[in-house]
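Colleague: So here's my_file-v3.pdb (PDB, C-alpha atoms).
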```
ATOM      1  CA  VAL A   1     -26.799 -18.479 -13.835  1.00  0.00           C
ATOM      2  CA  GLN A   2     -23.259 -17.468 -14.656  1.00  0.00           C
ATOM      3  CA  LEU A   3     -20.851 -15.679 -12.363  1.00  0.00           C
ATOM      4  CA  GLN A   4     -17.970 -13.667 -13.775  1.00  0.00           C
ATOM      5  CA  ALA A   5     -15.260 -12.716 -11.300  1.00  0.00           C
ATOM      6  CA  SER A   6     -12.700 -10.044 -12.051  1.00  0.00           C
ATOM      7  CA  GLY A   7     -10.290  -7.669 -10.397  1.00  0.00           C
ATOM      8  CA  GLY A   8      -7.490  -9.965  -9.362  1.00  0.00           C
ATOM      9  CA  GLY A   9      -3.869  -9.187  -9.974  1.00  0.00           C
ATOM     10  CA  LEU A  10      -0.379  -8.870  -8.581  1.00  0.00           C
ATOM     11  CA  VAL A  11       0.168  -6.341  -5.812  1.00  0.00           C
ATOM     12  CA  GLN A  12       2.663  -5.702  -3.073  1.00  0.00           C
ATOM     13  CA  ALA A  13       1.980  -6.278   0.583  1.00  0.00           C
ATOM     14  CA  GLY A  14      -0.050  -3.466   2.080  1.00  0.00           C
ATOM     15  CA  GLU A  15      -1.779  -2.568  -1.154  1.00  0.00           C
ATOM     16  CA  SER A  16      -5.436  -2.989  -2.095  1.00  0.00           C
ATOM     17  CA  LEU A  17      -7.558  -4.705  -4.689  1.00  0.00           C
ATOM     18  CA  ARG A  18     -11.270  -4.782  -5.367  1.00  0.00           C
ATOM     19  CA  LEU A  19     -12.797  -7.939  -6.734  1.00  0.00           C
ATOM     20  CA  SER A  20     -16.097  -7.925  -8.569  1.00  0.00           C
ATOM     21  CA  CYS A  21     -18.440 -10.754  -9.390  1.00  0.00           C
ATOM     22  CA  ALA A  22     -21.187 -10.080 -11.891  1.00  0.00           C
ATOM     23  CA  ALA A  23     -24.109 -12.480 -12.080  1.00  0.00           C
ATOM     24  CA  SER A  24     -26.238 -13.160 -15.079  1.00  0.00           C
ATOM     25  CA  GLY A  25     -29.809 -14.275 -14.682  1.00  0.00           C
ATOM     26  CA  SER A  26     -32.544 -13.083 -12.403  1.00  0.00           C
ATOM     27  CA  ILE A  27     -31.743 -14.747  -9.092  1.00  0.00           C
ATOM     28  CA  PHE A  28     -29.154 -12.357  -7.735  1.00  0.00           C
ATOM     29  CA  SER A  29     -31.507 -10.565  -5.357  1.00  0.00           C
ATOM     30  CA  ILE A  30     -32.609 -13.878  -3.841  1.00  0.00           C
ATOM     31  CA  SER A  31     -29.129 -15.267  -3.490  1.00  0.00           C
ATOM     32  CA  ASN A  32     -26.693 -15.371  -0.653  1.00  0.00           C
ATOM     33  CA  MET A  33     -23.359 -14.311  -2.086  1.00  0.00           C
ATOM     34  CA  ARG A  34     -19.988 -15.478  -0.839  1.00  0.00           C
ATOM     35  CA  TRP A  35     -16.336 -15.133  -1.649  1.00  0.00           C
ATOM     36  CA  TYR A  36     -14.062 -18.115  -1.142  1.00  0.00           C
ATOM     37  CA  ARG A  37     -10.373 -18.512  -1.749  1.00  0.00           C
ATOM     38  CA  GLN A  38      -8.095 -21.412  -2.427  1.00  0.00           C
ATOM     39  CA  ALA A  39      -4.362 -21.226  -2.109  1.00  0.00           C
ATOM     40  CA  GLN A  40      -2.264 -23.690  -4.036  1.00  0.00           C
ATOM     41  CA  GLY A  41      -2.336 -27.083  -2.378  1.00  0.00           C
ATOM     42  CA  LYS A  42      -4.874 -26.024   0.232  1.00  0.00           C
ATOM     43  CA  GLN A  43      -8.599 -26.343   0.740  1.00  0.00           C
ATOM     44  CA  ARG A  44     -11.098 -23.747  -0.366  1.00  0.00           C
ATOM     45  CA  ASP A  45     -11.977 -21.423   2.508  1.00  0.00           C
ATOM     46  CA  LEU A  46     -14.857 -19.039   3.013  1.00  0.00           C
ATOM     47  CA  VAL A  47     -13.637 -15.444   3.060  1.00  0.00           C
ATOM     48  CA  ALA A  48     -16.823 -13.395   3.389  1.00  0.00           C
ATOM     49  CA  GLY A  49     -20.525 -13.660   2.782  1.00  0.00           C
ATOM     50  CA  ILE A  50     -23.451 -11.297   2.354  1.00  0.00           C
ATOM     51  CA  ASN A  51     -26.900 -12.747   2.331  1.00  0.00           C
ATOM     52  CA  PHE A  52     -29.909 -11.584   0.352  1.00  0.00           C
ATOM     53  CA  SER A  53     -30.997  -9.228   3.152  1.00  0.00           C
ATOM     54  CA  GLY A  54     -27.560  -7.733   3.645  1.00  0.00           C
ATOM     55  CA  THR A  55     -26.284  -9.609   6.673  1.00  0.00           C
ATOM     56  CA  ILE A  56     -22.519  -9.926   6.455  1.00  0.00           C
ATOM     57  CA  ASN A  57     -19.968 -12.278   7.901  1.00  0.00           C
ATOM     58  CA  TYR A  58     -16.195 -12.523   7.577  1.00  0.00           C
ATOM     59  CA  ALA A  59     -13.565 -15.098   8.232  1.00  0.00           C
ATOM     60  CA  ASP A  60     -11.404 -14.113  11.164  1.00  0.00           C
ATOM     61  CA  PHE A  61      -8.318 -13.881   8.978  1.00  0.00           C
ATOM     62  CA  VAL A  62      -9.780 -10.981   6.947  1.00  0.00           C
ATOM     63  CA  LYS A  63     -11.768  -9.076   9.566  1.00  0.00           C
ATOM     64  CA  GLY A  64     -10.877  -5.414   9.564  1.00  0.00           C
ATOM     65  CA  ARG A  65      -9.153  -5.642   6.176  1.00  0.00           C
ATOM     66  CA  PHE A  66     -11.757  -6.884   3.702  1.00  0.00           C
ATOM     67  CA  THR A  67     -15.229  -5.526   2.995  1.00  0.00           C
ATOM     68  CA  ILE A  68     -17.946  -7.334   1.098  1.00  0.00           C
ATOM     69  CA  SER A  69     -20.828  -5.478  -0.504  1.00  0.00           C
ATOM     70  CA  ARG A  70     -23.464  -6.049  -3.105  1.00  0.00           C
ATOM     71  CA  ASP A  71     -25.349  -3.975  -5.625  1.00  0.00           C
ATOM     72  CA  ASN A  72     -28.587  -5.711  -6.497  1.00  0.00           C
ATOM     73  CA  ALA A  73     -29.306  -3.229  -9.286  1.00  0.00           C
ATOM     74  CA  LYS A  74     -26.078  -4.301 -10.992  1.00  0.00           C
ATOM     75  CA  ASN A  75     -26.260  -7.977  -9.990  1.00  0.00           C
ATOM     76  CA  THR A  76     -22.760  -7.609  -8.630  1.00  0.00           C
ATOM     77  CA  VAL A  77     -20.969  -8.474  -5.426  1.00  0.00           C
ATOM     78  CA  TYR A  78     -17.689  -6.850  -4.465  1.00  0.00           C
ATOM     79  CA  LEU A  79     -14.806  -7.673  -2.196  1.00  0.00           C
ATOM     80  CA  GLN A  80     -12.658  -4.715  -1.206  1.00  0.00           C
ATOM     81  CA  MET A  81      -9.343  -6.030   0.039  1.00  0.00           C
ATOM     82  CA  ASN A  82      -7.073  -3.660   1.932  1.00  0.00           C
ATOM     83  CA  SER A  83      -3.766  -4.192   3.694  1.00  0.00           C
ATOM     84  CA  LEU A  84      -3.109  -7.274   1.646  1.00  0.00           C
ATOM     85  CA  LYS A  85      -0.626  -9.819   2.936  1.00  0.00           C
ATOM     86  CA  PRO A  86       1.369 -12.490   1.108  1.00  0.00           C
ATOM     87  CA  GLU A  87      -0.795 -15.115   2.810  1.00  0.00           C
ATOM     88  CA  ASP A  88      -3.823 -13.668   0.988  1.00  0.00           C
ATOM     89  CA  THR A  89      -2.393 -15.065  -2.229  1.00  0.00           C
ATOM     90  CA  ALA A  90      -4.972 -17.425  -3.696  1.00  0.00           C
ATOM     91  CA  VAL A  91      -7.554 -17.893  -6.377  1.00  0.00           C
ATOM     92  CA  TYR A  92     -10.700 -16.118  -5.252  1.00  0.00           C
ATOM     93  CA  TYR A  93     -14.070 -17.551  -6.214  1.00  0.00           C
ATOM     94  CA  CYS A  94     -17.529 -16.069  -5.911  1.00  0.00           C
ATOM     95  CA  ASN A  95     -20.469 -18.236  -5.050  1.00  0.00           C
ATOM     96  CA  ALA A  96     -24.202 -17.661  -5.281  1.00  0.00           C
ATOM     97  CA  GLY A  97     -26.698 -19.662  -3.288  1.00  0.00           C
ATOM     98  CA  ASN A  98     -30.353 -19.483  -4.264  1.00  0.00           C
ATOM     99  CA  ILE A  99     -32.276 -19.201  -1.013  1.00  0.00           C
ATOM    100  CA  PHE A 100     -35.340 -20.985  -2.423  1.00  0.00           C
ATOM    101  CA  SER A 101     -33.928 -23.791  -4.544  1.00  0.00           C
ATOM    102  CA  GLY A 102     -30.703 -24.306  -2.602  1.00  0.00           C
ATOM    103  CA  GLN A 103     -28.719 -24.408  -5.823  1.00  0.00           C
ATOM    104  CA  ASN A 104     -25.170 -23.153  -5.707  1.00  0.00           C
ATOM    105  CA  TYR A 105     -23.290 -21.509  -8.523  1.00  0.00           C
ATOM    106  CA  TRP A 106     -19.564 -20.806  -8.829  1.00  0.00           C
ATOM    107  CA  GLY A 107     -17.579 -18.262 -10.774  1.00  0.00           C
ATOM    108  CA  GLN A 108     -14.386 -19.150 -12.587  1.00  0.00           C
ATOM    109  CA  GLY A 109     -12.032 -17.628 -10.038  1.00  0.00           C
ATOM    110  CA  THR A 110      -9.636 -14.725 -10.176  1.00  0.00           C
ATOM    111  CA  GLN A 111      -6.003 -14.924  -9.097  1.00  0.00           C
ATOM    112  CA  VAL A 112      -4.740 -12.623  -6.373  1.00  0.00           C
ATOM    113  CA  THR A 113      -1.007 -12.588  -5.776  1.00  0.00           C
ATOM    114  CA  VAL A 114       0.549 -10.519  -3.011  1.00  0.00           C
ATOM    115  CA  SER A 115       4.310 -10.136  -3.011  1.00  0.00           C
ATOM    116  CA  SER A 116       6.302  -9.332   0.094  1.00  0.00           C
TER     117      SER A 116
END
```
Let's see the structure in the file written out as C-alpha coordinates.

Modeller:
Amino acid sequence: VQLQASGGGLVQAGESLRLSCAASGSIFSISNMRWYRQAQGKQRDLVAGINFSGTINYADFVKGRFTISRDNAKNTVYLQMNSLKPEDTAVYYCNAGNIFSGQNYWGQGTQVTVSS
(Lines of atoms letter the chains of each structure in order from A and count residues from 1; the text may use other names and numbers.)
(Lines give C-alpha, C1' and ligand atoms only; values in the text may rest on other atoms or scores of the structure.)
Protein backbone atom coordinates (compact mmCIF):
# COMPACT_ATOMS: atom_id res chain seq x y z
CA VAL A 1 0.00 0.00 0.00
CA GLN A 2 1.31 3.42 -0.92
CA LEU A 3 -0.07 6.73 0.25
CA GLN A 4 0.51 9.89 -1.77
CA ALA A 5 -0.21 13.14 0.03
CA SER A 6 -0.60 16.42 -1.81
CA GLY A 7 -2.07 19.87 -1.49
CA GLY A 8 0.34 21.55 0.86
CA GLY A 9 1.75 24.98 0.24
CA LEU A 10 2.40 28.46 1.55
CA VAL A 11 -0.61 30.53 2.55
CA GLN A 12 -1.35 33.51 4.72
CA ALA A 13 -3.12 33.33 8.03
CA GLY A 14 -6.86 33.01 7.60
CA GLU A 15 -6.64 31.27 4.25
CA SER A 16 -7.52 27.68 3.37
CA LEU A 17 -5.91 24.60 1.93
CA ARG A 18 -7.20 21.15 1.08
CA LEU A 19 -4.90 18.20 1.50
CA SER A 20 -5.48 14.95 -0.33
CA CYS A 21 -4.07 11.52 0.30
CA ALA A 22 -4.53 8.92 -2.40
CA ALA A 23 -4.03 5.27 -1.52
CA SER A 24 -2.96 2.55 -3.86
CA GLY A 25 -3.99 -1.02 -3.24
CA SER A 26 -7.28 -2.51 -2.21
CA ILE A 27 -7.41 -1.91 1.53
CA PHE A 28 -8.66 1.65 1.61
CA SER A 29 -12.26 0.77 2.43
CA ILE A 30 -11.13 -1.35 5.39
CA SER A 31 -8.72 1.20 6.73
CA ASN A 32 -8.99 3.83 9.38
CA MET A 33 -7.50 6.97 7.90
CA ARG A 34 -5.75 9.68 9.87
CA TRP A 35 -3.92 12.92 9.33
CA TYR A 36 -0.97 13.75 11.56
CA ARG A 37 1.31 16.73 11.59
CA GLN A 38 4.81 17.38 12.78
CA ALA A 39 6.21 20.82 13.28
CA GLN A 40 9.95 21.28 13.17
CA GLY A 41 11.53 20.06 16.38
CA LYS A 42 8.26 18.75 17.78
CA GLN A 43 6.53 15.40 18.05
CA ARG A 44 4.07 14.10 15.50
CA ASP A 45 0.50 14.84 16.58
CA LEU A 46 -2.80 13.41 15.47
CA VAL A 47 -4.88 16.03 13.68
CA ALA A 48 -7.99 14.15 12.57
CA GLY A 49 -9.18 10.65 11.88
CA ILE A 50 -12.01 8.99 9.99
CA ASN A 51 -12.52 5.31 10.45
CA PHE A 52 -13.72 2.79 7.90
CA SER A 53 -17.37 3.34 8.88
CA GLY A 54 -17.14 7.12 8.79
CA THR A 55 -16.75 7.99 12.45
CA ILE A 56 -14.69 11.15 12.77
CA ASN A 57 -12.56 12.67 15.47
CA TYR A 58 -10.49 15.84 15.66
CA ALA A 59 -7.76 17.19 17.83
CA ASP A 60 -8.99 20.06 19.95
CA PHE A 61 -6.63 22.49 18.26
CA VAL A 62 -8.36 22.07 14.87
CA LYS A 63 -11.99 21.60 15.86
CA GLY A 64 -14.24 23.95 13.97
CA ARG A 65 -11.55 24.77 11.40
CA PHE A 66 -10.56 21.48 9.77
CA THR A 67 -12.77 18.86 8.14
CA ILE A 68 -11.72 15.33 7.29
CA SER A 69 -13.56 13.28 4.69
CA ARG A 70 -13.02 10.23 2.59
CA ASP A 71 -14.09 8.99 -0.81
CA ASN A 72 -13.86 5.22 -0.89
CA ALA A 73 -14.55 5.14 -4.62
CA LYS A 74 -11.42 7.23 -5.19
CA ASN A 75 -9.35 5.67 -2.39
CA THR A 76 -8.72 9.18 -1.14
CA VAL A 77 -8.92 10.98 2.17
CA TYR A 78 -9.10 14.75 2.39
CA LEU A 79 -8.35 17.36 4.98
CA GLN A 80 -10.02 20.71 4.41
CA MET A 81 -8.20 23.31 6.45
CA ASN A 82 -9.85 26.68 6.96
CA SER A 83 -8.86 29.70 9.01
CA LEU A 84 -5.27 28.59 9.02
CA LYS A 85 -2.95 29.93 11.69
CA PRO A 86 0.84 30.22 11.77
CA GLU A 87 0.88 27.49 14.42
CA ASP A 88 -0.62 25.10 11.85
CA THR A 89 2.70 25.18 10.03
CA ALA A 90 3.99 21.62 9.84
CA VAL A 91 4.53 18.65 7.62
CA TYR A 92 1.23 16.83 7.33
CA TYR A 93 1.22 13.06 7.00
CA CYS A 94 -1.59 10.68 6.16
CA ASN A 95 -1.80 7.31 7.79
CA ALA A 96 -3.81 4.21 6.96
CA GLY A 97 -4.52 1.51 9.48
CA ASN A 98 -5.82 -1.83 8.25
CA ILE A 99 -8.57 -2.82 10.65
CA PHE A 100 -7.95 -6.55 10.16
CA SER A 101 -4.18 -6.89 10.02
CA GLY A 102 -3.33 -3.90 12.21
CA GLN A 103 -0.70 -2.78 9.74
CA ASN A 104 -0.05 0.92 9.47
CA TYR A 105 1.07 2.78 6.39
CA TRP A 106 2.42 6.32 6.08
CA GLY A 107 2.48 8.81 3.26
CA GLN A 108 5.52 10.93 2.50
CA GLY A 109 4.18 14.13 4.02
CA THR A 110 3.24 17.47 2.55
CA GLN A 111 4.49 20.79 3.88
CA VAL A 112 1.99 23.39 5.03
CA THR A 113 3.37 26.82 5.84
CA VAL A 114 1.15 29.59 7.18
CA SER A 115 2.59 33.08 7.31
CA SER A 116 1.32 35.76 9.65

Colleague: Step by step, work through what the PyMOL selection byres ((chain A and resi 98) around 7) selects in the shown file, and finish by giving those residues as a ChimeraX atom specification.

Modeller: /A:27,30-32,96-97,99-104

Colleague: Next, dump the selected residues to file, keeping only C-alpha atoms, as a PDB file, in the coordinates of the input.

Modeller:
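Okay, this is what ended up in part_19.pdb:
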```pdb
ATOM      1  CA  ILE A  27     -31.743 -14.747  -9.092  1.00  0.00           C
ATOM      2  CA  ILE A  30     -32.609 -13.878  -3.841  1.00  0.00           C
ATOM      3  CA  SER A  31     -29.129 -15.267  -3.490  1.00  0.00           C
ATOM      4  CA  ASN A  32     -26.693 -15.371  -0.653  1.00  0.00           C
ATOM      5  CA  ALA A  96     -24.202 -17.661  -5.281  1.00  0.00           C
ATOM      6  CA  GLY A  97     -26.698 -19.662  -3.288  1.00  0.00           C
ATOM      7  CA  ILE A  99     -32.276 -19.201  -1.013  1.00  0.00           C
ATOM      8  CA  PHE A 100     -35.340 -20.985  -2.423  1.00  0.00           C
ATOM      9  CA  SER A 101     -33.928 -23.791  -4.544  1.00  0.00           C
ATOM     10  CA  GLY A 102     -30.703 -24.306  -2.602  1.00  0.00           C
ATOM     11  CA  GLN A 103     -28.719 -24.408  -5.823  1.00  0.00           C
ATOM     12  CA  ASN A 104     -25.170 -23.153  -5.707  1.00  0.00           C
TER      13      ASN A 104
END
```

Colleague: With all atoms listed in the file as the counted atoms, please give the residues lying no more than 12 Å from Asp88 in chain A, apart from itself and same-chain residues fewer than 2 positions off, as a PyMOL selection string.

Modeller: chain A and resi 8-17+36-40+45+47+61-62+65-66+81-86+90-92+111-116

Colleague: Evaluating the PyMOL selection byres ((chain A and resi 107) around 8) on the displayed file yields which residues, as a PDB file with C-alpha atoms, in the coordinates of the input?

Modeller:
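The resulting expr.pdb:
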```pdb
ATOM      1  CA  GLN A   2     -23.259 -17.468 -14.656  1.00  0.00           C
ATOM      2  CA  LEU A   3     -20.851 -15.679 -12.363  1.00  0.00           C
ATOM      3  CA  GLN A   4     -17.970 -13.667 -13.775  1.00  0.00           C
ATOM      4  CA  ALA A   5     -15.260 -12.716 -11.300  1.00  0.00           C
ATOM      5  CA  CYS A  21     -18.440 -10.754  -9.390  1.00  0.00           C
ATOM      6  CA  TYR A  93     -14.070 -17.551  -6.214  1.00  0.00           C
ATOM      7  CA  CYS A  94     -17.529 -16.069  -5.911  1.00  0.00           C
ATOM      8  CA  ASN A  95     -20.469 -18.236  -5.050  1.00  0.00           C
ATOM      9  CA  TYR A 105     -23.290 -21.509  -8.523  1.00  0.00           C
ATOM     10  CA  TRP A 106     -19.564 -20.806  -8.829  1.00  0.00           C
ATOM     11  CA  GLN A 108     -14.386 -19.150 -12.587  1.00  0.00           C
ATOM     12  CA  GLY A 109     -12.032 -17.628 -10.038  1.00  0.00           C
TER      13      GLY A 109
END
```

Colleague: Any chance you could resolve the PyMOL selection byres ((chain A and resi 19) around 6) against this file and give the residues as a PyMOL selection string?

Modeller: chain A and resi 6-7+18+20+78-79

Colleague: What does the distance from CA of Thr67 in chain A to CA of Gln43 in chain A come to in Å, to one decimal?

Modeller: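 Between these atoms lies a distance of 22.0 Å.
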
Colleague: Quick check, in Å to one decimal: how far apart do CA of Asn72 in chain A and CA of Thr55 in chain A lie?

Modeller: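 Straight-line distance from CA of Asn72 in chain A to CA of Thr55 in chain A works out to 13.9 Å.
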
Colleague: Record the distance separating CA of Asn57 in chain A and CA of Gly41 in chain A, expressed in Å with one decimal.

Modeller: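 These atoms are spaced 25.2 Å apart.
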
Colleague: Excluding range 73-75 of chain A and any residue of its chain fewer than 4 positions from it, enumerate the residues within 9 Å of it, using all atoms listed in the file, and give them as a list in words.

Modeller: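 The filter keeps Cys21, Ala22, Ala23, Ser24, Gly25, Ser26, Ile27, Phe28 and Ser29 of chain A.
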
Colleague: Would you compute the box with edges along x, y and z of the file around range 47-61 of chain A, including every atom the file lists for it and 8 Å extra on each side, and give its centre and edge lengths in Å to one decimal, as AutoDock Vina command-line options?

Modeller:
```
--center_x -19.7 --center_y -11.6 --center_z 5.8 --size_x 38.7 --size_y 23.7 --size_z 26.8
```
